[in-house]
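> See target_28.tsv below, with TSV, C-alpha atoms and all ligand atoms.
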```
chain	number	residue	atom	x	y	z
L	1	MET	CA	27.01	72.98	115.77
L	2	THR	CA	27.75	71.86	119.33
L	3	ILE	CA	25.59	72.72	122.38
L	4	LYS	CA	28.29	75.04	123.64
L	5	PRO	CA	29.52	76.52	120.37
L	6	LYS	CA	33.23	76.79	119.81
L	7	ILE	CA	34.14	80.20	118.46
L	8	PHE	CA	37.42	81.05	116.86
L	9	ILE	CA	38.55	84.67	117.07
L	10	LEU	CA	41.30	85.91	114.78
L	11	TYR	CA	42.82	89.29	115.51
L	12	THR	CA	44.62	90.66	112.45
L	13	GLY	CA	45.09	94.18	113.79
L	14	GLY	CA	43.23	97.47	113.89
L	15	THR	CA	41.96	99.79	116.59
L	16	ILE	CA	39.85	97.17	118.34
L	17	GLY	CA	42.94	95.49	119.77
L	18	MET	CA	44.76	98.64	120.78
L	19	VAL	CA	45.32	100.56	123.95
L	20	LYS	CA	46.68	104.04	124.40
L	21	ASP	CA	50.20	104.38	125.63
L	22	TYR	CA	49.54	107.11	128.17
L	23	ASN	CA	53.06	108.51	127.97
L	24	SER	CA	53.22	108.93	124.20
L	25	GLU	CA	49.42	109.12	123.53
L	26	VAL	CA	50.03	106.70	120.65
L	27	LEU	CA	47.77	103.68	120.04
L	28	ILE	CA	49.66	100.43	120.35
L	29	PRO	CA	48.41	96.82	119.98
L	30	PHE	CA	47.97	94.86	123.22
L	31	ASP	CA	48.49	91.14	123.63
L	32	PHE	CA	45.24	89.77	122.29
L	33	ASP	CA	45.63	86.57	124.25
L	34	GLN	CA	44.61	88.68	127.24
L	35	ILE	CA	41.26	89.47	125.65
L	36	GLN	CA	39.28	87.59	128.32
L	37	GLU	CA	40.98	89.69	131.02
L	38	ARG	CA	40.20	92.90	129.13
L	39	ILE	CA	36.59	91.91	128.56
L	40	PRO	CA	35.55	89.71	131.48
L	41	GLU	CA	31.98	89.77	130.10
L	42	LEU	CA	33.15	87.25	127.49
L	43	ARG	CA	33.09	84.60	130.21
L	44	GLN	CA	29.32	85.02	130.51
L	45	LEU	CA	28.77	83.95	126.91
L	46	ASN	CA	27.64	80.39	126.44
L	47	CYS	CA	30.49	79.44	124.15
L	48	GLU	CA	34.09	78.35	124.17
L	49	ILE	CA	36.40	80.99	122.81
L	50	ASN	CA	39.76	80.43	121.24
L	51	THR	CA	41.81	83.45	120.24
L	52	VAL	CA	44.64	83.71	117.78
L	53	SER	CA	46.43	86.83	116.71
L	54	PHE	CA	48.56	87.68	113.69
L	55	GLU	CA	52.14	87.53	114.87
L	56	LYS	CA	52.50	91.14	113.80
L	57	PRO	CA	49.07	92.83	113.90
L	58	ILE	CA	48.60	95.21	111.00
L	59	ASP	CA	46.70	98.38	110.32
L	60	SER	CA	44.09	97.36	107.77
L	61	SER	CA	45.70	99.71	105.21
L	62	ASP	CA	48.42	97.05	104.97
L	63	MET	CA	45.98	94.30	104.00
L	64	ASN	CA	47.09	92.47	100.88
L	65	VAL	CA	46.73	89.17	99.07
L	66	GLU	CA	49.13	87.34	101.43
L	67	ARG	CA	47.07	88.46	104.42
L	68	PHE	CA	43.84	87.37	102.70
L	69	GLN	CA	45.44	83.98	102.15
L	70	ASP	CA	46.55	83.88	105.80
L	71	ILE	CA	42.99	84.60	106.97
L	72	VAL	CA	41.47	81.95	104.72
L	73	GLY	CA	44.21	79.45	105.62
L	74	ILE	CA	43.55	79.96	109.34
L	75	ILE	CA	39.80	79.52	108.85
L	76	GLU	CA	40.42	76.41	106.75
L	77	SER	CA	42.65	74.72	109.27
L	78	ASN	CA	40.16	75.34	112.07
L	79	TYR	CA	36.97	74.85	110.06
L	80	GLU	CA	36.12	71.34	111.23
L	81	VAL	CA	36.74	71.99	114.92
L	82	PHE	CA	35.05	75.36	115.34
L	83	ASP	CA	31.42	76.35	114.90
L	84	GLY	CA	31.90	80.00	114.06
L	85	PHE	CA	34.60	82.52	113.24
L	86	VAL	CA	35.00	86.15	114.27
L	87	ILE	CA	37.62	88.02	112.29
L	88	LEU	CA	38.87	91.28	113.75
L	89	THR	CA	40.40	93.75	111.34
L	90	GLY	CA	40.71	97.49	111.13
L	91	SER	CA	37.57	99.06	109.75
L	92	ASP	CA	39.29	101.10	107.03
L	93	THR	CA	39.53	98.23	104.55
L	94	MET	CA	37.15	95.79	106.23
L	95	SER	CA	34.63	95.92	103.38
L	96	TYR	CA	37.35	95.04	100.87
L	97	THR	CA	38.79	92.23	102.97
L	98	SER	CA	35.48	90.69	103.94
L	99	SER	CA	34.25	90.89	100.33
L	100	VAL	CA	37.35	89.04	99.11
L	101	ILE	CA	37.06	86.39	101.83
L	102	SER	CA	33.42	85.83	100.84
L	103	PHE	CA	34.59	84.80	97.36
L	104	MET	CA	37.53	82.76	98.60
L	105	ILE	CA	35.29	80.35	100.52
L	106	GLU	CA	32.82	78.38	98.48
L	107	ASN	CA	29.94	76.47	100.08
L	108	LEU	CA	30.48	78.16	103.43
L	109	GLN	CA	28.26	76.50	106.04
L	110	LYS	CA	29.45	78.34	109.14
L	111	PRO	CA	29.37	81.98	110.22
L	112	VAL	CA	32.38	84.14	109.45
L	113	ILE	CA	31.76	87.52	111.07
L	114	PHE	CA	34.05	90.49	110.59
L	115	THR	CA	34.10	93.25	113.15
L	116	GLY	CA	36.34	95.94	114.58
L	117	SER	CA	35.81	99.27	116.28
L	118	GLN	CA	36.27	102.99	115.97
L	119	LEU	CA	37.70	103.38	119.48
L	120	PRO	CA	40.29	101.10	121.08
L	121	ILE	CA	39.14	98.47	123.53
L	122	GLY	CA	40.88	100.28	126.38
L	123	ASP	CA	38.97	103.52	125.77
L	124	LEU	CA	36.27	104.48	128.24
L	125	ARG	CA	33.71	105.11	125.48
L	126	THR	CA	34.75	102.22	123.33
L	127	ASP	CA	32.45	100.57	120.82
L	128	ALA	CA	34.79	97.57	120.76
L	129	LYS	CA	33.10	95.61	123.54
L	130	GLU	CA	29.63	95.69	122.06
L	131	ASN	CA	30.89	94.92	118.58
L	132	LEU	CA	32.97	91.98	119.74
L	133	ILE	CA	30.44	90.50	122.17
L	134	THR	CA	27.56	90.67	119.68
L	135	ALA	CA	29.71	89.36	116.82
L	136	ILE	CA	30.49	86.33	119.00
L	137	GLN	CA	26.80	85.89	119.84
L	138	ILE	CA	25.94	86.01	116.14
L	139	ALA	CA	28.65	83.49	115.33
L	140	SER	CA	27.26	81.22	118.09
L	141	SER	CA	23.62	81.47	117.06
L	142	HIS	CA	22.10	78.23	115.86
L	143	LYS	CA	18.81	76.38	115.68
L	144	ASN	CA	18.79	72.63	116.13
L	145	GLY	CA	22.49	72.56	115.46
L	146	VAL	CA	22.24	74.49	112.20
L	147	PRO	CA	24.10	77.83	112.27
L	148	THR	CA	21.84	80.84	111.71
L	149	ILE	CA	24.44	82.61	109.57
L	150	ARG	CA	26.16	80.63	106.84
L	151	GLU	CA	27.92	83.40	105.01
L	152	VAL	CA	30.48	86.16	105.54
L	153	GLY	CA	28.95	88.96	107.60
L	154	LEU	CA	30.15	92.29	108.90
L	155	TYR	CA	28.89	93.44	112.30
L	156	PHE	CA	29.24	97.04	113.38
L	157	GLU	CA	27.24	99.28	115.71
L	158	TYR	CA	24.19	97.09	116.29
L	159	LYS	CA	23.88	95.90	112.69
L	160	LEU	CA	24.91	92.76	110.88
L	161	TYR	CA	25.40	93.25	107.16
L	162	ARG	CA	26.20	90.93	104.29
L	163	ALA	CA	29.90	91.73	104.10
L	164	ASN	CA	30.14	91.99	100.33
L	165	ARG	CA	27.34	94.59	100.29
L	166	THR	CA	29.08	97.01	102.63
L	167	THR	CA	31.11	100.17	102.25
L	168	LYS	CA	32.81	102.20	104.93
L	169	LEU	CA	31.10	105.57	104.83
L	170	ASN	CA	32.19	107.34	107.96
L	171	ALA	CA	35.61	107.73	109.54
L	172	ASN	CA	34.28	109.20	112.80
L	173	ASN	CA	30.85	107.81	113.61
L	174	PHE	CA	30.38	104.56	115.44
L	175	GLU	CA	27.97	103.71	112.64
L	176	ALA	CA	30.78	103.49	110.09
L	177	PHE	CA	29.30	101.11	107.51
L	178	GLU	CA	26.34	101.04	105.19
L	179	SER	CA	24.76	98.45	102.96
L	180	MET	CA	22.68	100.61	100.68
L	181	ASN	CA	21.54	97.93	98.26
L	182	TYR	CA	20.78	95.05	100.58
L	183	PRO	CA	18.84	94.91	103.86
L	184	ILE	CA	20.64	94.31	107.14
L	185	LEU	CA	20.84	90.65	108.18
L	186	ALA	CA	20.34	91.25	111.88
L	187	GLU	CA	19.86	94.04	114.36
L	188	SER	CA	20.94	94.05	117.95
L	189	GLY	CA	18.67	95.85	120.38
L	190	VAL	CA	17.10	94.47	123.52
L	191	GLN	CA	17.02	91.28	121.49
L	192	LEU	CA	19.15	90.06	118.66
L	193	ASN	CA	16.75	89.92	115.73
L	194	PHE	CA	17.69	88.10	112.55
L	195	ASN	CA	16.17	89.23	109.28
L	196	ARG	CA	15.75	85.60	108.21
L	197	LYS	CA	14.20	86.39	104.86
L	198	PHE	CA	17.43	87.99	103.71
L	199	LEU	CA	19.95	85.47	104.98
L	200	ASN	CA	21.88	83.36	102.56
L	201	ILE	CA	19.88	80.19	102.99
L	202	HIS	CA	21.44	77.75	100.62
L	203	PRO	CA	20.54	74.24	101.79
L	204	TYR	CA	22.48	73.18	104.87
L	205	ASN	CA	24.54	70.23	103.91
L	206	LYS	CA	27.67	68.39	104.62
L	207	LYS	CA	29.22	69.32	101.28
L	208	PRO	CA	32.73	70.40	102.17
L	209	ALA	CA	33.59	74.05	102.03
L	210	ILE	CA	36.19	74.85	99.40
L	211	PHE	CA	38.93	77.28	100.29
L	212	ARG	CA	40.42	79.04	97.29
L	213	LYS	CA	43.69	80.84	97.80
L	214	ASP	CA	44.40	82.11	94.29
L	215	LEU	CA	43.73	85.75	93.59
L	216	ASP	CA	44.75	87.95	90.68
L	217	THR	CA	45.28	91.59	91.55
L	218	ARG	CA	45.97	92.96	88.07
L	219	ILE	CA	43.00	95.26	88.49
L	220	ALA	CA	42.62	99.03	88.36
L	221	VAL	CA	39.88	101.28	89.66
L	222	LEU	CA	39.27	104.35	87.53
L	223	LYS	CA	37.04	106.99	89.03
L	224	LEU	CA	35.70	109.38	86.40
L	225	PHE	CA	35.29	113.08	87.01
L	226	PRO	CA	34.26	115.86	84.67
L	227	GLY	CA	37.49	116.99	83.05
L	228	ILE	CA	39.43	113.73	83.29
L	229	THR	CA	42.04	113.63	80.50
L	230	GLN	CA	42.70	111.14	77.74
L	231	ASN	CA	46.26	110.58	79.00
L	232	VAL	CA	45.09	109.52	82.40
L	233	ILE	CA	42.46	107.14	81.03
L	234	GLU	CA	44.93	105.66	78.55
L	235	SER	CA	47.58	105.15	81.20
L	236	VAL	CA	45.16	103.02	83.16
L	237	VAL	CA	43.12	101.03	80.66
L	238	LEU	CA	45.94	100.50	78.14
L	239	ASN	CA	48.51	99.55	80.78
L	240	PRO	CA	49.68	96.05	79.78
L	241	GLU	CA	49.70	95.00	83.45
L	242	VAL	CA	45.98	95.68	83.80
L	243	LYS	CA	43.59	92.80	83.09
L	244	ALA	CA	40.37	94.31	84.46
L	245	VAL	CA	39.16	97.82	85.21
L	246	VAL	CA	36.44	98.89	87.61
L	247	LEU	CA	35.15	102.04	85.92
L	248	GLU	CA	33.44	104.23	88.52
L	249	THR	CA	30.84	106.16	86.59
L	250	PHE	CA	28.24	108.82	87.34
L	251	GLY	CA	24.70	108.14	88.53
L	252	SER	CA	23.16	105.08	86.96
L	253	GLY	CA	26.33	104.23	85.02
L	254	ASN	CA	26.87	107.30	82.85
L	255	ALA	CA	30.12	108.51	81.30
L	256	PRO	CA	31.45	111.07	78.80
L	257	THR	CA	30.37	110.51	75.20
L	258	CYS	CA	33.28	112.16	73.39
L	259	ASP	CA	35.02	110.20	70.63
L	260	TRP	CA	38.44	109.80	72.25
L	261	PHE	CA	36.88	108.34	75.42
L	262	VAL	CA	34.90	105.72	73.54
L	263	LYS	CA	37.89	104.88	71.31
L	264	VAL	CA	40.30	104.37	74.21
L	265	LEU	CA	37.88	102.14	76.11
L	266	LYS	CA	37.09	100.14	72.98
L	267	LYS	CA	40.78	99.67	72.24
L	268	ALA	CA	41.33	98.29	75.75
L	269	ILE	CA	38.36	95.92	75.41
L	270	ASP	CA	39.62	94.76	72.01
L	271	ASN	CA	42.96	94.05	73.70
L	272	GLY	CA	41.11	91.70	76.07
L	273	VAL	CA	40.79	94.01	79.09
L	274	ILE	CA	37.58	93.56	81.06
L	275	ILE	CA	35.87	96.83	81.94
L	276	VAL	CA	33.03	96.80	84.45
L	277	ASN	CA	30.76	99.71	85.21
L	278	VAL	CA	30.18	100.53	88.89
L	279	THR	CA	28.37	103.65	89.98
L	280	GLN	CA	30.12	106.24	92.13
L	281	CYS	CA	26.88	106.59	94.07
L	282	VAL	CA	26.78	104.66	97.33
L	283	GLY	CA	23.31	103.32	96.58
L	284	GLY	CA	21.34	102.33	93.53
L	285	SER	CA	22.24	100.45	90.42
L	286	VAL	CA	23.96	100.83	87.08
L	287	ILE	CA	21.46	100.61	84.24
L	288	GLN	CA	23.37	100.86	80.97
L	289	GLY	CA	21.14	102.30	78.31
L	290	ARG	CA	18.89	104.27	80.64
L	291	TYR	CA	20.49	107.53	79.50
L	292	HIS	CA	22.17	108.09	76.17
L	293	THR	CA	25.35	108.72	78.19
L	294	SER	CA	25.68	105.01	78.89
L	295	VAL	CA	24.42	103.50	75.62
L	296	HIS	CA	27.92	103.74	74.09
L	297	LEU	CA	29.42	101.80	77.03
L	298	LYS	CA	27.06	98.92	76.49
L	299	LYS	CA	27.75	98.95	72.75
L	300	ILE	CA	31.53	98.62	73.10
L	301	GLY	CA	31.27	95.80	75.65
L	302	VAL	CA	31.53	97.43	79.08
L	303	TRP	CA	29.70	95.17	81.55
L	304	SER	CA	27.22	96.54	84.05
L	305	SER	CA	27.94	95.66	87.69
L	306	LYS	CA	24.35	96.55	88.52
L	307	ASP	CA	24.19	97.21	92.27
L	308	MET	CA	27.56	95.77	93.26
L	309	THR	CA	29.83	97.88	95.40
L	310	THR	CA	33.30	98.76	94.13
L	311	GLU	CA	34.72	96.58	96.92
L	312	ALA	CA	32.67	93.58	95.80
L	313	ALA	CA	33.46	94.14	92.12
L	314	ILE	CA	37.21	94.22	92.87
L	315	ALA	CA	36.92	91.07	94.99
L	316	LYS	CA	34.92	89.24	92.35
L	317	LEU	CA	37.37	90.19	89.61
L	318	MET	CA	40.34	89.08	91.75
L	319	TYR	CA	38.61	85.74	92.15
L	320	LEU	CA	37.34	85.22	88.59
L	321	LEU	CA	40.57	86.33	86.90
L	322	THR	CA	42.33	83.24	88.29
L	323	LYS	CA	39.91	80.86	86.62
L	324	ASN	CA	41.05	81.03	83.00
L	325	LEU	CA	37.48	81.54	81.85
L	326	THR	CA	36.43	82.32	78.32
L	327	LYS	CA	35.17	85.87	77.98
L	328	ARG	CA	31.63	84.53	77.67
L	329	ASP	CA	31.83	82.50	80.88
L	330	PHE	CA	33.60	85.33	82.70
L	331	LYS	CA	30.72	87.63	81.82
L	332	LYS	CA	28.16	85.03	82.85
L	333	TYR	CA	29.75	84.55	86.29
L	334	PHE	CA	30.41	88.24	86.77
L	335	LYS	CA	26.77	89.08	86.25
L	336	LYS	CA	25.47	86.20	88.33
L	337	SER	CA	25.22	86.27	92.12
L	338	LEU	CA	27.94	83.97	93.47
L	339	ARG	CA	27.85	85.04	97.15
L	340	GLY	CA	24.81	87.29	97.29
L	341	GLU	CA	26.84	90.30	96.14
L	342	ILE	CA	24.50	91.38	93.32
L	343	SER	CA	20.71	91.61	93.10
C	1	LIG	N1	43.26	102.57	110.80
C	1	LIG	C1	42.54	101.52	111.46
C	1	LIG	C2	42.54	100.30	110.55
C	1	LIG	O1	41.77	100.22	109.66
C	1	LIG	C3	41.16	101.95	111.81
C	1	LIG	C4	40.35	100.87	112.50
C	1	LIG	O2	40.90	100.00	113.14
C	1	LIG	O3	39.12	100.91	112.42
C	1	LIG	O4	43.34	99.41	110.75
```
Let me see the file written as structure tokens.


Amino acid sequence: MTIKPKIFILYTGGTIGMVKDYNSEVLIPFDFDQIQERIPELRQLNCEINTVSFEKPIDSSDMNVERFQDIVGIIESNYEVFDGFVILTGSDTMSYTSSVISFMIENLQKPVIFTGSQLPIGDLRTDAKENLITAIQIASSHKNGVPTIREVGLYFEYKLYRANRTTKLNANNFEAFESMNYPILAESGVQLNFNRKFLNIHPYNKKPAIFRKDLDTRIAVLKLFPGITQNVIESVVLNPEVKAVVLETFGSGNAPTCDWFVKVLKKAIDNGVIIVNVTQCVGGSVIQGRYHTSVHLKKIGVWSSKDMTTEAAIAKLMYLLTKNLTKRDFKKYFKKSLRGEIS
């Protein structure tokens, strides 16, 4: 990392880069190249900032595989020249996007920090300025030339999280995200304090980062509820287009025990579909076999996602499905921490 770090900011869209059109009251994107004029404080930071914007900024609900590939491609082509990356997206799907990006970059040795805001940058009470300024500071932080953060993070409302541990929990509060199963990586107060013990501290080396663009989206998420019907379950898990299912279960991984439910899931697994068990709870872990209402899942070959979020499980499946792995290896990699996403 250089003495005056070079930070690359990518604006993909979302509230952070919007201003209110005072005639129509509608939020519209502003020209992000003018960011330094909007936030003159950026000039006080001891870093060089380069800003690039998606040609057509998107609401994060329109994120998709092509956009993920665009983000990774932009990071890749600027990776050698820049010391840190700040990726601005809408907060609605930020946990999904940042989780996927964490899998798409192997051996990441530089900070990639996602942030956004709940209020537009032009709003008097905006949270955008603090989020952006601190995200840049985090991306610039280094010790003896070694970046402090060498993973994909998500910074929001004074907290830096491991991105693939986060979930958006609140549509209104400035504190929109939570990482229930992993401690925060840094907290911004009077000082910016890093929680060094919990950072991804793989050895710093010159091994090149590998940027993987392939993703397979033939995945379904099936959230159980008491009363869910056989037809609905069948239409998801026996759909020939579906290669993997994230089964959102109750509590510590529990599900109905009735015959038809077990039979349908088993049929899907026998057909080669991968079914992973993620809890609907925002915190805690799946423990298959803890209650008798999860023993049957384990028996038929449903895999526990332990304390992974749904967002991380989807991202990991999108990534692993492209690898033509044997079922045994797929299971091994799914259960193993690849980017710090599972305890
Ligand atoms: N709807 C917006 C988006 O996710 C909200 C935000 O920017 O936080 O793109």

> Within 8 Å of ligand LIG 1 (chain C), counting all atoms listed in the file: which residues, as a count of residues only?

18

> Find the residue from L:Arg162, L:Lys20, L:Lys327, L:Arg125 that sits nearest to Ser98 of chain L; use all atoms listed in the file when measuring.

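Going through L:Arg162, L:Lys20, L:Lys327, L:Arg125 one by one, the smallest distance to Ser98 of chain L is for L:Arg162.
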
> Between L:Met308, L:Val245, L:Ile184, L:Ala163, which one has atoms that come closest to Val221 of chain L, using only C-alpha atoms?

L:Val245

> I'd like the neighbourhood of segment 293-299 of chain L as a list in words, where a residue qualifies if any of its atoms comes within 8 Å (using all atoms listed in the file), though same-chain residues fewer than 6 positions away should be ignored.

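The filter keeps Gly253, Asn254, Ala255, Pro256, Thr257 and Val262 of chain L.
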
> Measuring between all atoms listed in the file, which one of L:Arg290, L:Lys243, L:Arg212, L:Lys332 shows the shortest distance to Ile71 of chain L?

L:Arg212

> Compare L:Ile75, L:Phe334, L:Phe198, L:Val232 by their minimum atom-to-atom distance to Leu321 of chain L, counting all atoms listed in the file, and give me the closest one.

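Answer, going by the shortest atom-to-atom distance: L:Phe334.
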
> One decimal, in Å: what's the spacing between atom CA of Asp216 of chain L and atom CA of Lys336 of chain L?

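Taking atom CA of Asp216 of chain L as the start and atom CA of Lys336 of chain L as the end point, the length is 19.5 Å.
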
> Find the spatial neighbours of Val264 of chain L, counting all atoms listed in the file, within a cut-off of 9 Å - ignore same-chain residues fewer than 3 positions away - and output them as a PyMOL selection string.

chain L and resi 230+233-234+237-238+259-261+267-269

> In file coordinates, which residues lie within 10 Å of (40.0, 88.9, 84.3) using all atoms listed in the file, given as a PyMOL selection string?

chain L and resi 216-219+242-245+272-275+316-327+330-331+334

> Can I get segment 230-249 of chain L with N, CA, C and O atoms filled in, as a PDB file, in the coordinates of the input?


```
ATOM      1  N   GLN L 230      42.458 112.344  78.553  1.00  0.00           N
ATOM      2  CA  GLN L 230      42.700 111.140  77.740  1.00  0.00           C
ATOM      3  C   GLN L 230      43.951 110.401  78.223  1.00  0.00           C
ATOM      4  O   GLN L 230      43.963 109.177  78.326  1.00  0.00           O
ATOM      5  N   ASN L 231      45.005 111.191  78.532  1.00  0.00           N
ATOM      6  CA  ASN L 231      46.260 110.580  79.000  1.00  0.00           C
ATOM      7  C   ASN L 231      46.062 109.711  80.219  1.00  0.00           C
ATOM      8  O   ASN L 231      46.599 108.618  80.315  1.00  0.00           O
ATOM      9  N   VAL L 232      45.301 110.245  81.139  1.00  0.00           N
ATOM     10  CA  VAL L 232      45.090 109.520  82.400  1.00  0.00           C
ATOM     11  C   VAL L 232      44.314 108.228  82.122  1.00  0.00           C
ATOM     12  O   VAL L 232      44.676 107.147  82.599  1.00  0.00           O
ATOM     13  N   ILE L 233      43.267 108.336  81.321  1.00  0.00           N
ATOM     14  CA  ILE L 233      42.460 107.140  81.030  1.00  0.00           C
ATOM     15  C   ILE L 233      43.307 106.109  80.294  1.00  0.00           C
ATOM     16  O   ILE L 233      43.311 104.928  80.629  1.00  0.00           O
ATOM     17  N   GLU L 234      44.078 106.582  79.310  1.00  0.00           N
ATOM     18  CA  GLU L 234      44.930 105.660  78.550  1.00  0.00           C
ATOM     19  C   GLU L 234      45.937 104.966  79.455  1.00  0.00           C
ATOM     20  O   GLU L 234      46.179 103.765  79.337  1.00  0.00           O
ATOM     21  N   SER L 235      46.527 105.739  80.361  1.00  0.00           N
ATOM     22  CA  SER L 235      47.580 105.150  81.200  1.00  0.00           C
ATOM     23  C   SER L 235      47.035 104.042  82.087  1.00  0.00           C
ATOM     24  O   SER L 235      47.770 103.153  82.493  1.00  0.00           O
ATOM     25  N   VAL L 236      45.746 104.082  82.337  1.00  0.00           N
ATOM     26  CA  VAL L 236      45.160 103.020  83.160  1.00  0.00           C
ATOM     27  C   VAL L 236      44.678 101.855  82.288  1.00  0.00           C
ATOM     28  O   VAL L 236      45.136 100.732  82.421  1.00  0.00           O
ATOM     29  N   VAL L 237      43.764 102.151  81.359  1.00  0.00           N
ATOM     30  CA  VAL L 237      43.120 101.030  80.660  1.00  0.00           C
ATOM     31  C   VAL L 237      44.023 100.371  79.613  1.00  0.00           C
ATOM     32  O   VAL L 237      43.798  99.223  79.248  1.00  0.00           O
ATOM     33  N   LEU L 238      45.034 101.107  79.127  1.00  0.00           N
ATOM     34  CA  LEU L 238      45.940 100.500  78.140  1.00  0.00           C
ATOM     35  C   LEU L 238      47.263 100.031  78.766  1.00  0.00           C
ATOM     36  O   LEU L 238      48.183  99.634  78.075  1.00  0.00           O
ATOM     37  N   ASN L 239      47.320 100.058  80.085  1.00  0.00           N
ATOM     38  CA  ASN L 239      48.510  99.550  80.780  1.00  0.00           C
ATOM     39  C   ASN L 239      48.554  98.025  80.623  1.00  0.00           C
ATOM     40  O   ASN L 239      47.616  97.330  80.994  1.00  0.00           O
ATOM     41  N   PRO L 240      49.643  97.503  80.061  1.00  0.00           N
ATOM     42  CA  PRO L 240      49.680  96.050  79.780  1.00  0.00           C
ATOM     43  C   PRO L 240      49.561  95.183  81.029  1.00  0.00           C
ATOM     44  O   PRO L 240      49.236  94.000  80.938  1.00  0.00           O
ATOM     45  N   GLU L 241      49.809  95.755  82.195  1.00  0.00           N
ATOM     46  CA  GLU L 241      49.700  95.000  83.450  1.00  0.00           C
ATOM     47  C   GLU L 241      48.246  94.816  83.896  1.00  0.00           C
ATOM     48  O   GLU L 241      47.933  94.000  84.757  1.00  0.00           O
ATOM     49  N   VAL L 242      47.362  95.649  83.310  1.00  0.00           N
ATOM     50  CA  VAL L 242      45.980  95.680  83.800  1.00  0.00           C
ATOM     51  C   VAL L 242      45.100  94.718  83.015  1.00  0.00           C
ATOM     52  O   VAL L 242      45.008  94.802  81.799  1.00  0.00           O
ATOM     53  N   LYS L 243      44.449  93.805  83.733  1.00  0.00           N
ATOM     54  CA  LYS L 243      43.590  92.800  83.090  1.00  0.00           C
ATOM     55  C   LYS L 243      42.105  93.165  83.222  1.00  0.00           C
ATOM     56  O   LYS L 243      41.269  92.696  82.451  1.00  0.00           O
ATOM     57  N   ALA L 244      41.785  93.931  84.254  1.00  0.00           N
ATOM     58  CA  ALA L 244      40.370  94.310  84.460  1.00  0.00           C
ATOM     59  C   ALA L 244      40.310  95.686  85.110  1.00  0.00           C
ATOM     60  O   ALA L 244      41.157  96.030  85.938  1.00  0.00           O
ATOM     61  N   VAL L 245      39.319  96.450  84.701  1.00  0.00           N
ATOM     62  CA  VAL L 245      39.160  97.820  85.210  1.00  0.00           C
ATOM     63  C   VAL L 245      37.764  97.991  85.799  1.00  0.00           C
ATOM     64  O   VAL L 245      36.769  97.645  85.157  1.00  0.00           O
ATOM     65  N   VAL L 246      37.719  98.499  87.022  1.00  0.00           N
ATOM     66  CA  VAL L 246      36.440  98.890  87.610  1.00  0.00           C
ATOM     67  C   VAL L 246      36.288 100.367  87.276  1.00  0.00           C
ATOM     68  O   VAL L 246      37.020 101.214  87.791  1.00  0.00           O
ATOM     69  N   LEU L 247      35.367 100.661  86.371  1.00  0.00           N
ATOM     70  CA  LEU L 247      35.150 102.040  85.920  1.00  0.00           C
ATOM     71  C   LEU L 247      34.053 102.641  86.797  1.00  0.00           C
ATOM     72  O   LEU L 247      32.899 102.224  86.733  1.00  0.00           O
ATOM     73  N   GLU L 248      34.440 103.591  87.628  1.00  0.00           N
ATOM     74  CA  GLU L 248      33.440 104.230  88.520  1.00  0.00           C
ATOM     75  C   GLU L 248      32.808 105.394  87.773  1.00  0.00           C
ATOM     76  O   GLU L 248      33.446 106.410  87.510  1.00  0.00           O
ATOM     77  N   THR L 249      31.546 105.213  87.450  1.00  0.00           N
ATOM     78  CA  THR L 249      30.840 106.160  86.590  1.00  0.00           C
ATOM     79  C   THR L 249      29.860 107.027  87.388  1.00  0.00           C
ATOM     80  O   THR L 249      29.702 106.855  88.594  1.00  0.00           O
TER      81      THR L 249
END
```
